Every structure is written in C-alpha cells, then in structure tokens.
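Taking it in order: structure first as structure tokens, then the write-up.
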Amino acid sequence: MKHCYLMLALLGAIIPLGVFIPWLFDNGINIGLFYHNVAANPISLFAWLDVLIAAIVLIVFITVDAKKRQVTGYQFAILGTLCIGVSFGLPFYLYLKCVNGRALLQRG
C-alpha cells in the first residue's frame, strides 16, 4: 500500500502544480489577481473554501494522529499540505504511516 500512497502523493503534487506554475509564470506573484480569480464566481469560491476547510481538518488530523501513533516526519505532510495542497498532504501522510508502521513492527 505504501507505494500506492507515494504514487498518489506524487500525482497530488504534479497535477495541481502543473496548472498553478504556468499561471504563476504568466501572471507573477499577483495576490490581487489570484484573489480575483478565486472569487470570480460562486463555483470557484465554493471549491477554494472546500479545499481550505479540508486542509485545516487534515492538519488537525495529522497533528493529533501523528502524536498518538508516533509517526516521524509528519511535519513534511503538513508542510506539503500548506505548500501544495490536500491532494499531496493526505496521501503523503498515509505513506509515512505505512513506513513508520513497518519500522515499528521490525523494532518490536
């Protein structure tokens, strides 16, 4: 399963960044235009708010679960969620849980 999670994390980074990076090259770091595009219509605003709430929930989940299960490297999943998005952060955290679980089994 760990390879599946890692592949999904890579896709979760490549696909969204494949859309965002060209926009960034075309428009530069233009926060006003970015906000204008996010709030351009109700559907686009709905999607962004949905992702924002999902990211907050994921960060809370990762923080609590990682401390409970002693998952090392969970901070990278949080950083990935903040920098790339939930599409990377969630599968990467699940990958870390698989890797950490195997390490615990081998040590135990």
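Every chain in the structure tokens takes a letter, A first, then B, and so on in the order presented; its residues are numbered from 1, and the ligands are numbered from 1 following the presented order.
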* **A:Leu58 environment, 12 Å, only C-alpha atoms, sequence neighbours closer than 2 positions dropped, as a ChimeraX atom specification** => /A:51-56,60-66,74,77-82,85-94
* Just give me the gap between atom CA of A:Ile84 and atom CA of A:Phe20 in Å, one decimal is fine. => 9.7 Å
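Closest approach to A:Ala9 from the set A:Gly101, A:Gln75, A:Ile21, A:Leu96 is made by A:Leu96, with distances taken over only C-alpha atoms.
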* Between atom CA of A:Ala47 and atom CA of A:Lys97 - distance in Å to one decimal -> 28.2 Å
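Atom CA of A:Met7 lies 25.6 Å from atom CA of A:Lys68.
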* Asked: Near A:Phe34, counting only C-alpha atoms, which residues have an atom at most 12 Å away, once you skip same-chain residues fewer than 2 positions from it, shown as a PyMOL selection string?
  -> chain A and resi 20+23-24+26-32+36-40+44-45+48
Using C-alpha atoms, can you write the selected residues to a file as a PDB file, in the first residue's frame?
ATOM      1  CA  PHE A  20      -0.540  26.586 -10.951  1.00  0.00           C
ATOM      2  CA  TRP A  23      -0.396  30.617 -14.161  1.00  0.00           C
ATOM      3  CA  LEU A  24       2.419  31.882 -11.936  1.00  0.00           C
ATOM      4  CA  ASP A  26       2.045  34.189 -16.849  1.00  0.00           C
ATOM      5  CA  ASN A  27       0.913  36.449 -14.001  1.00  0.00           C
ATOM      6  CA  GLY A  28       3.761  36.538 -11.500  1.00  0.00           C
ATOM      7  CA  ILE A  29       3.096  36.789  -7.787  1.00  0.00           C
ATOM      8  CA  ASN A  30      -0.027  38.891  -8.152  1.00  0.00           C
ATOM      9  CA  ILE A  31      -2.084  38.376  -4.986  1.00  0.00           C
ATOM     10  CA  GLY A  32      -4.843  40.710  -6.178  1.00  0.00           C
ATOM     11  CA  HIS A  36      -9.922  37.914  -8.083  1.00  0.00           C
ATOM     12  CA  ASN A  37      -9.669  34.546  -9.855  1.00  0.00           C
ATOM     13  CA  VAL A  38     -10.550  32.639  -6.679  1.00  0.00           C
ATOM     14  CA  ALA A  39     -13.631  34.789  -6.076  1.00  0.00           C
ATOM     15  CA  ALA A  40     -14.547  35.130  -9.774  1.00  0.00           C
ATOM     16  CA  SER A  44     -14.754  28.801  -7.899  1.00  0.00           C
ATOM     17  CA  LEU A  45     -15.189  30.294  -4.412  1.00  0.00           C
ATOM     18  CA  TRP A  48     -11.490  27.087  -2.750  1.00  0.00           C
TER      19      TRP A  48
END
* Run DSSP on the backbone and grab whatever in stretch 22-79 of chain A lands in alpha helix (DSSP H); send it over as a ChimeraX atom specification. => /A:22-27,31-38,42-69,74-79
Filtering to N, CA and C atoms, could you give me those residues as a short mmCIF file (atom, residue, chain, number, x, y, z; two decimals), in the first residue's frame?
data_model
loop_
_atom_site.label_atom_id
_atom_site.label_comp_id
_atom_site.auth_asym_id
_atom_site.auth_seq_id
_atom_site.Cartn_x
_atom_site.Cartn_y
_atom_site.Cartn_z
N PRO A 22 2.24 27.32 -14.51
CA PRO A 22 2.07 28.15 -15.71
C PRO A 22 1.33 29.46 -15.41
N TRP A 23 0.32 29.40 -14.54
CA TRP A 23 -0.40 30.62 -14.16
C TRP A 23 0.57 31.58 -13.49
N LEU A 24 1.44 31.06 -12.63
CA LEU A 24 2.42 31.88 -11.94
C LEU A 24 3.41 32.52 -12.91
N PHE A 25 3.85 31.76 -13.92
CA PHE A 25 4.75 32.33 -14.93
C PHE A 25 4.06 33.41 -15.75
N ASP A 26 2.79 33.21 -16.05
CA ASP A 26 2.05 34.19 -16.85
C ASP A 26 1.73 35.46 -16.07
N ASN A 27 1.42 35.32 -14.78
CA ASN A 27 0.91 36.45 -14.00
C ASN A 27 1.84 36.93 -12.90
N ILE A 31 -1.09 38.82 -5.97
CA ILE A 31 -2.08 38.38 -4.99
C ILE A 31 -3.48 38.90 -5.33
N GLY A 32 -3.55 40.13 -5.81
CA GLY A 32 -4.84 40.71 -6.18
C GLY A 32 -5.53 39.92 -7.28
N LEU A 33 -4.78 39.59 -8.33
CA LEU A 33 -5.34 38.80 -9.43
C LEU A 33 -5.68 37.39 -8.97
N PHE A 34 -4.84 36.83 -8.12
CA PHE A 34 -5.11 35.49 -7.59
C PHE A 34 -6.43 35.49 -6.83
N TYR A 35 -6.62 36.45 -5.93
CA TYR A 35 -7.87 36.54 -5.18
C TYR A 35 -9.05 36.79 -6.12
N HIS A 36 -8.85 37.64 -7.11
CA HIS A 36 -9.92 37.91 -8.08
C HIS A 36 -10.34 36.63 -8.80
N ASN A 37 -9.36 35.81 -9.18
CA ASN A 37 -9.67 34.55 -9.85
C ASN A 37 -10.35 33.56 -8.92
N VAL A 38 -9.93 33.54 -7.66
CA VAL A 38 -10.55 32.64 -6.68
C VAL A 38 -12.01 33.02 -6.46
N PRO A 42 -19.31 31.99 -7.90
CA PRO A 42 -19.64 31.17 -6.73
C PRO A 42 -19.04 29.77 -6.76
N ILE A 43 -18.95 29.15 -7.93
CA ILE A 43 -18.40 27.79 -8.03
C ILE A 43 -16.91 27.78 -7.67
N SER A 44 -16.18 28.74 -8.19
CA SER A 44 -14.75 28.80 -7.90
C SER A 44 -14.51 29.10 -6.42
N LEU A 45 -15.32 29.99 -5.84
CA LEU A 45 -15.19 30.29 -4.41
C LEU A 45 -15.56 29.07 -3.57
N PHE A 46 -16.61 28.36 -3.96
CA PHE A 46 -17.01 27.13 -3.28
C PHE A 46 -15.85 26.13 -3.25
N ALA A 47 -15.21 25.93 -4.40
CA ALA A 47 -14.12 24.96 -4.49
C ALA A 47 -12.96 25.36 -3.58
N TRP A 48 -12.60 26.63 -3.59
CA TRP A 48 -11.49 27.09 -2.75
C TRP A 48 -11.80 26.97 -1.26
N LEU A 49 -13.03 27.34 -0.88
CA LEU A 49 -13.40 27.23 0.53
C LEU A 49 -13.44 25.77 0.97
N ASP A 50 -13.90 24.89 0.09
CA ASP A 50 -13.93 23.46 0.39
C ASP A 50 -12.51 22.94 0.63
N VAL A 51 -11.59 23.31 -0.23
CA VAL A 51 -10.20 22.87 -0.10
C VAL A 51 -9.56 23.48 1.16
N LEU A 52 -9.86 24.73 1.44
CA LEU A 52 -9.30 25.38 2.62
C LEU A 52 -9.75 24.67 3.90
N ILE A 53 -11.04 24.37 3.99
CA ILE A 53 -11.56 23.67 5.17
C ILE A 53 -10.97 22.27 5.26
N ALA A 54 -10.88 21.58 4.13
CA ALA A 54 -10.29 20.23 4.12
C ALA A 54 -8.84 20.27 4.58
N ALA A 55 -8.10 21.30 4.19
CA ALA A 55 -6.70 21.43 4.60
C ALA A 55 -6.59 21.65 6.10
N ILE A 56 -7.46 22.48 6.65
CA ILE A 56 -7.44 22.72 8.10
C ILE A 56 -7.75 21.43 8.85
N VAL A 57 -8.78 20.72 8.40
CA VAL A 57 -9.14 19.44 9.04
C VAL A 57 -7.99 18.44 8.94
N LEU A 58 -7.36 18.37 7.77
CA LEU A 58 -6.25 17.44 7.58
C LEU A 58 -5.08 17.76 8.50
N ILE A 59 -4.75 19.03 8.64
CA ILE A 59 -3.63 19.42 9.50
C ILE A 59 -3.92 19.06 10.96
N VAL A 60 -5.16 19.29 11.40
CA VAL A 60 -5.53 18.91 12.77
C VAL A 60 -5.43 17.39 12.93
N PHE A 61 -5.97 16.65 11.95
CA PHE A 61 -5.92 15.18 12.00
C PHE A 61 -4.48 14.68 12.04
N ILE A 62 -3.64 15.19 11.15
CA ILE A 62 -2.25 14.74 11.10
C ILE A 62 -1.55 15.01 12.43
N THR A 63 -1.75 16.20 12.97
CA THR A 63 -1.09 16.57 14.22
C THR A 63 -1.49 15.63 15.36
N VAL A 64 -2.78 15.39 15.51
CA VAL A 64 -3.27 14.53 16.59
C VAL A 64 -2.86 13.07 16.36
N ASP A 65 -3.09 12.57 15.16
CA ASP A 65 -2.81 11.17 14.84
C ASP A 65 -1.31 10.86 14.92
N ALA A 66 -0.50 11.77 14.42
CA ALA A 66 0.95 11.54 14.41
C ALA A 66 1.52 11.47 15.82
N LYS A 67 1.01 12.31 16.70
CA LYS A 67 1.49 12.28 18.09
C LYS A 67 1.01 11.01 18.79
N LYS A 68 -0.21 10.61 18.50
CA LYS A 68 -0.77 9.40 19.12
C LYS A 68 -0.03 8.15 18.64
N ARG A 69 0.29 8.10 17.35
CA ARG A 69 0.91 6.90 16.76
C ARG A 69 2.43 7.04 16.56
N TYR A 74 5.96 13.64 10.15
CA TYR A 74 4.62 14.14 9.84
C TYR A 74 4.62 15.63 9.49
N GLN A 75 5.63 16.35 9.96
CA GLN A 75 5.71 17.79 9.66
C GLN A 75 5.83 18.03 8.16
N PHE A 76 6.45 17.09 7.44
CA PHE A 76 6.58 17.24 5.98
C PHE A 76 5.22 17.12 5.30
N ALA A 77 4.34 16.29 5.85
CA ALA A 77 2.98 16.18 5.30
C ALA A 77 2.21 17.48 5.54
N ILE A 78 2.41 18.09 6.70
CA ILE A 78 1.76 19.37 6.99
C ILE A 78 2.31 20.45 6.07
N LEU A 79 3.62 20.51 5.93
CA LEU A 79 4.25 21.48 5.04
C LEU A 79 3.78 21.29 3.60
#
